[in-house]
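Structure record follows, encoded as structure tokens.
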Amino acid sequence: QEYGIACSSILFVFNLKTIATMQWNGEKQAISTRKLLRFHLLFWSTDHRNLVDNNPTALKNEKLNNHDTSSLNRLPIKVRYSMEKVHDSPHIYIINNFMTQSELLRCEDIIATSKFCKSFVDDTVNNTDMMDEEQRTSTFVSIQKQADAKIASLERKAADLLGVCTNQLEPLQLVRYSQDQFFNVHHDLGDLLEDGKVELPPRQSITKRRIATLFCYLNDVESGGCTYFPACGDLRIQPKRGQAVLFCNILKQGEADPLTIHAGEQVKGKDNIKYGLNI
């Protein structure tokens, strides 16, 4: 069965994006975060950038240090995972057991039977998508929503983790990085400007605002292929089969978080391939 969409179609980059809650906060370039209760627990309540009454020594709710994720036990039982916080402010998590063996095998079956297309980047100037081989050289296959029971279950699991509904997720996207392929530094919410700021797409843009990114690794990568966060102490996450990386692209105030810029580094080695799943 062919799961890919035609290359001529508009590509939505299928990171986790909630559509219903992405409202403009008045005329300010910010996204309404009022209903994102799970986001407050995972990302904002213990980020020192969220101060109380401008008091630099006070944090909202309890303090959560780099090695203590005990407050995540308040998540519902069905969405508890082995979560390791590898960076604080912004909070970046590694979820070691996010994908099950059967889910991984299902993705491998889709990879084996699908045709990959060249990946796109957003062109917010012309309100469309374009290929830019100086920025991104990977290929992709998109998967229909609830394509089968395994895909539907994976969608529900991701939605439960973030406290959103499955209809607020876009279709999953399989991505492939062959030797020397990459995705240069970018931001998943909007355009990364030369001064390091992130500009939200125009309000009327077809580009949906990606408020969180959940990226799953489908195989081990021996050399290269790291997810690189240059503004987070040069943090690099080496792909490991079944593991996921999770981070939020907005601050509590709904503005873009400039520290979550990241890149998919070049895959090195002739026979080395990196497979990932954007949710």
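Residue numbers start at 1 in each chain; chains themselves are named A, B, ... in the order of the structure tokens; ligands are numbered from 1 in the order shown.
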Residue neighbourhood region 170-176 of chain A, 6 Å, only C-alpha atoms, exclusion window fewer than 6 positions, as a VMD selection string: chain A and resid 14 138 to 145 274 to 279
Top pick for closest residue to Glu199 (chain A), considering A:Phe229, A:Ile250, A:Asp109, A:Cys216 and counting only C-alpha atoms: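 Using only C-alpha atoms, Glu199 (chain A) sits closest to A:Ile250.
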Contacts of Met99 (chain A) at 8 Å (only C-alpha atoms; same-chain gap of 4+ positions) as an mmCIF file with C-alpha atoms, in the first residue's frame:
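Result file is selection12.cif:
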```
data_model
loop_
_atom_site.group_PDB
_atom_site.id
_atom_site.type_symbol
_atom_site.label_atom_id
_atom_site.label_comp_id
_atom_site.auth_asym_id
_atom_site.auth_seq_id
_atom_site.Cartn_x
_atom_site.Cartn_y
_atom_site.Cartn_z
ATOM 1 C CA GLU A 103 5.090 0.291 16.103
ATOM 2 C CA LEU A 104 8.680 0.300 14.866
ATOM 3 C CA CYS A 216 10.998 9.647 17.065
ATOM 4 C CA GLY A 242 12.560 3.650 19.619
ATOM 5 C CA GLN A 243 13.635 6.840 21.378
ATOM 6 C CA ALA A 244 11.907 10.221 20.987
#
```
Distance in Å - CA of Glu155 (chain A) versus CA of Thr33 (chain A):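 Calculated distance between CA of Glu155 (chain A) and CA of Thr33 (chain A) is 21.7 Å.
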Interatomic distance (Å, one decimal) between CA of Gln179 (chain A) and CA of Lys270 (chain A): 5.8 Å
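CA of Leu214 (chain A) is found 5.8 Å from CA of Val245 (chain A).
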Residue neighbourhood Asn96 (chain A), 12 Å, only C-alpha atoms, exclusion window fewer than 4 positions, as a VMD selection string: chain A and resid 80 to 86 100 215 to 218 237 239 to 246
